[in-house]
Every structure is written in structure tokens, then in C-alpha cells.
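Everything on this sheet refers to the single structure shown next.
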Amino acid sequence: MTDVPPRFTQAVLNRKAAPKTAYKPSGVSATGRKARSFGVRLWAVKQSRALEWFYERFANVFLMLHPMWKAIGYQRAEAPIKFVEKHVKGFLFDCRMCGQCVLSSTGMSCPMNCPKQLRNGPCGGVRANGHCEVEPDMPCVWVQAWSGAQKMEGRDKILTVQKPVDQSLRETSSWLRVTANAAAERDAAAQPEAIQ
């Protein structure tokens with residue numbers, strides 16, 4: 001008698017064996033994420049070069065709007081921009097609003113989706129099929145990140161070591177932070193020229 005490989009993962013078998021009730025808890029299970037969100041995330045990784053191109057132009061527009069953000073006040077602009085950012089990036093990348101977005105460095109695969117929230121590469125538990133050791137039904141975020149980064153012009157950015165997450169920036173707009181930092185760098189670079 002030959003051994004037939006199992007058709008289902010242990011997580012699927014556990015869900016099937018669980019008692020059926022009308023109550024469905026929301027977002028409490030590690031394996032409770034929807035396959036649809038994986039699908040959109042995987043699409044974003046496949047389109048990483050196009051999204052990189054778009055984001056470069058989007059960042060330039062935001063930087064051109066710096067005088068307006070400054071006049072309104074970055075703190076006042078935070079709430080509406082954060083609302084839009086959360087929904088757009090939430091849909092495309094399953095964004096967790098860490099406030100320190102590194103999508104352009106990680107092949108458009110958000111490292112905050114890693115159950116271990118690893119920011120600098122995969123753990124030692126990536127399965128042979130490229131899936132996560134914690135959530136067996138989920139493709140490993142870092143396997144996808146490497147795949148997406150290879151399609152991007154800035155493919156070497158994935159080799160940059162990321163800083164640990166600053167939890168005080170959680171639930172803030174990284175779009176506005178990047179814009180404010182880019183404007184400060186631009187102004188600092190222009191300053192010596194004005195003195196000479």
C-alpha cells in the first residue's frame with residue numbers, strides 16, 4: 001500500500017473539524033486571513049515595477065505640494081491623508097500602517113504582514129513550497145519580496161538593512177513623513193548654494 005500525500009494542510013483540517021456555529025470571530029485566528037487578500041498582495045508583487053514607476057511620480061507630486069502641506073500644517077493634513085493611505089495601501093498591500101513604509105525596498109511586499117513582523121528577510125522556517133511556517137496557507141512575505149524586488153529598477157534596495165519599527169509612528173502617514181523629509185533634504189541641499 002502506497003502512502004498518499006495529504007490533500008489538505010493541518011490548518012484546513014483543523015478548520016473543518018471545528019464545531020460549526022453562527023458566531024464567526026473577526027480577525028482572531030492566525031490562519032483567518034482571506035485568500036482574496038493574498039491574491040491582491042500577490043498581484044501587487046507581480047506588478048512591482050509598474051507600482052514603483054507610479055510611486056516615484058506620486059512622491060514627486062506630493063513633494064511639489066509641500067508648500068500646500070506646510071501652509072495647511074502637516075498635523076492638520078495627517079487625518080485625511082492617513083485615511084486615504086490606509087485604504088489604498090490596505091487594499092493593495094494589506095498595509096498595517098506602521099508609519100515606516102518600505103514597500104519600495106521590499107518588492108511591494110509589506111514585511112509587516114509577516115506573522116513575526118521580520119523587517120530584514122525571512123526566518124528559517126520558510127516551507128519548501130515558499131509558504132509561511134506560522135500560517136501554512138500564506139505565501140511567505142519575504143519570498144514574495146525577493147521575487148518583486150527582482151522586477152524593480154531599485155532591486156538592490158532589498159539588501160539595505162531596515163531599522164526596527166518605531167512603534168510611536170504606528171497609525172501615521174508615511175506619505176507625509178517621506179514628503180516632509182524629502183523637502184527638508186532638498187532645502188538643506190539648496191542652502192549652501194544660496195550662501196555662496
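Quick note on naming: the chains in the C-alpha cells go A, B, ... in the order shown, residues restart at 1 in each chain, and ligands are numbered from 1 in order of appearance.
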
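Non-sequential neighbours of A:Glu78 (distance at most 7 Å, separation of 4 or more positions within a chain, only C-alpha atoms) are Tyr74, Lys82 and Ser173 of chain A.
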
Once you count only C-alpha atoms, what closest atom pair and distance in Å to one decimal does each residue of stretch 52-93 of chain A within 10 Å of stretch 174-191 of chain A have, with rows by chain and rising residue number, as CSV?
residue,atom,partner,partner_atom,distance
A:Phe58,CA,A:Trp175,CA,9.6
A:Ala59,CA,A:Thr179,CA,7.1
A:Asn60,CA,A:Thr179,CA,8.6
A:Val61,CA,A:Thr179,CA,9.5
A:Phe62,CA,A:Thr179,CA,6.4
A:Leu63,CA,A:Thr179,CA,5.4
A:Met64,CA,A:Ala183,CA,9.0
A:Leu65,CA,A:Thr179,CA,8.9
A:His66,CA,A:Ala183,CA,7.0
A:Pro67,CA,A:Ala183,CA,9.4
A:Trp69,CA,A:Leu176,CA,8.5
A:Lys70,CA,A:Ala180,CA,8.8
A:Tyr74,CA,A:Leu176,CA,7.3
A:Gln75,CA,A:Leu176,CA,9.5
A:Ala77,CA,A:Leu176,CA,8.4
A:Glu78,CA,A:Leu176,CA,7.3
A:Ile81,CA,A:Leu176,CA,7.8
A:Lys82,CA,A:Trp175,CA,8.3
A:Glu85,CA,A:Trp175,CA,7.6

For the residues selected in the previous step, produce a file with C-alpha atoms as a PDB file, in the first residue's frame.
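again_15.pdb, freshly written:
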ATOM      1  CA  PHE A  58       3.229  60.135  -6.930  1.00  0.00           C
ATOM      2  CA  ALA A  59       6.031  61.034  -4.487  1.00  0.00           C
ATOM      3  CA  ASN A  60       7.148  63.850  -6.810  1.00  0.00           C
ATOM      4  CA  VAL A  61       3.609  65.269  -6.894  1.00  0.00           C
ATOM      5  CA  PHE A  62       3.410  65.094  -3.095  1.00  0.00           C
ATOM      6  CA  LEU A  63       6.766  66.884  -2.890  1.00  0.00           C
ATOM      7  CA  MET A  64       5.538  69.602  -5.271  1.00  0.00           C
ATOM      8  CA  LEU A  65       2.576  70.040  -2.914  1.00  0.00           C
ATOM      9  CA  HIS A  66       4.936  70.571   0.057  1.00  0.00           C
ATOM     10  CA  PRO A  67       4.177  74.344   0.215  1.00  0.00           C
ATOM     11  CA  TRP A  69       1.069  70.832   3.180  1.00  0.00           C
ATOM     12  CA  LYS A  70       3.233  73.331   5.030  1.00  0.00           C
ATOM     13  CA  TYR A  74       1.306  68.666   8.296  1.00  0.00           C
ATOM     14  CA  GLN A  75      -0.536  67.806  11.507  1.00  0.00           C
ATOM     15  CA  ALA A  77      -3.294  67.163   6.809  1.00  0.00           C
ATOM     16  CA  GLU A  78      -2.453  63.943   8.678  1.00  0.00           C
ATOM     17  CA  ILE A  81      -4.169  61.720   4.096  1.00  0.00           C
ATOM     18  CA  LYS A  82      -3.888  58.845   6.582  1.00  0.00           C
ATOM     19  CA  GLU A  85      -3.336  55.980   2.564  1.00  0.00           C
TER      20      GLU A  85
END

- Task: Excluding A:Ala44 and residues on its chain fewer than 6 positions from it, collect all residues at most 8 Å away from it, counting only C-alpha atoms, and give them as a list in words.
- Result: Leu51, Leu92, Phe93, Met108 and Ser109 of chain A

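Our summary of the geometry notes that atom CA of A:Gln162 is positioned 19.7 Å from atom CA of A:Tyr55.
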
- Item | Members of chain A assigned helix (DSSP H, G or I) by DSSP, as JSON, numbers by chain | {"A": [10, 11, 12, 13, 14, 15, 16, 17, 35, 36, 37, 38, 39, 40, 41, 42, 43, 44, 45, 46, 48, 49, 50, 51, 52, 53, 54, 55, 56, 57, 58, 59, 60, 61, 62, 63, 64, 66, 67, 68, 69, 70, 71, 72, 74, 75, 76, 77, 78, 79, 80, 81, 82, 83, 84, 85, 86, 87, 88, 89, 90, 91, 92, 93, 103, 104, 105, 111, 112, 113, 141, 142, 143, 144, 145, 146, 147, 148, 149, 155, 156, 157, 158, 159, 167, 168, 169, 174, 175, 176, 177, 178, 179, 180, 181, 182, 183, 184, 185, 186, 187, 188, 189, 190, 191, 192, 193, 194, 195]}

- Item | Option closest in space to A:Trp43, from A:Gly148, A:Pro80, A:Gly73, A:Gly124 [counting only C-alpha atoms] |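 Comparing A:Gly148, A:Pro80, A:Gly73, A:Gly124 against A:Trp43, the winner is A:Gly148.
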
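Counting only C-alpha atoms and comparing A:Val143, A:Cys110, A:Met138, A:Gly99, the residue that lies closest to A:Cys123 is A:Val143.
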
- Between A:Lys86, A:Glu171, A:Lys157, A:Asp137, which one has atoms that come closest to A:Leu13, using only C-alpha atoms? A:Asp137

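Note that the spacing between atom CA of A:Met152 and atom CA of A:Ser48 amounts to 6.3 Å.
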
- Item | Residue nearest A:His131 - candidates A:Arg15, A:Gln150, A:Phe38, A:Met112, atoms counted: only C-alpha atoms |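 Distance minimum relative to A:His131 lands on A:Phe38.
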
- Task: Would you please work out which residue, of A:Cys98, A:Leu103, A:Trp146, A:Glu133, is nearest to A:Pro115 when using only C-alpha atoms?
- Result: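 The shortest atom-to-atom distance to A:Pro115 comes from A:Glu133.
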
- Message: Here is a test: counting only C-alpha atoms, which residue of A:Arg96, A:Lys46, A:Lys89, A:Lys116 is nearest to A:Val134?
- Response: A:Lys116

- Task: Work out how far apart atom CA of A:Pro122 and atom CA of A:Lys151 are and give it in Å to one decimal.
- Result: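 Spanning atom CA of A:Pro122 to atom CA of A:Lys151 is a straight-line distance of 19.0 Å.
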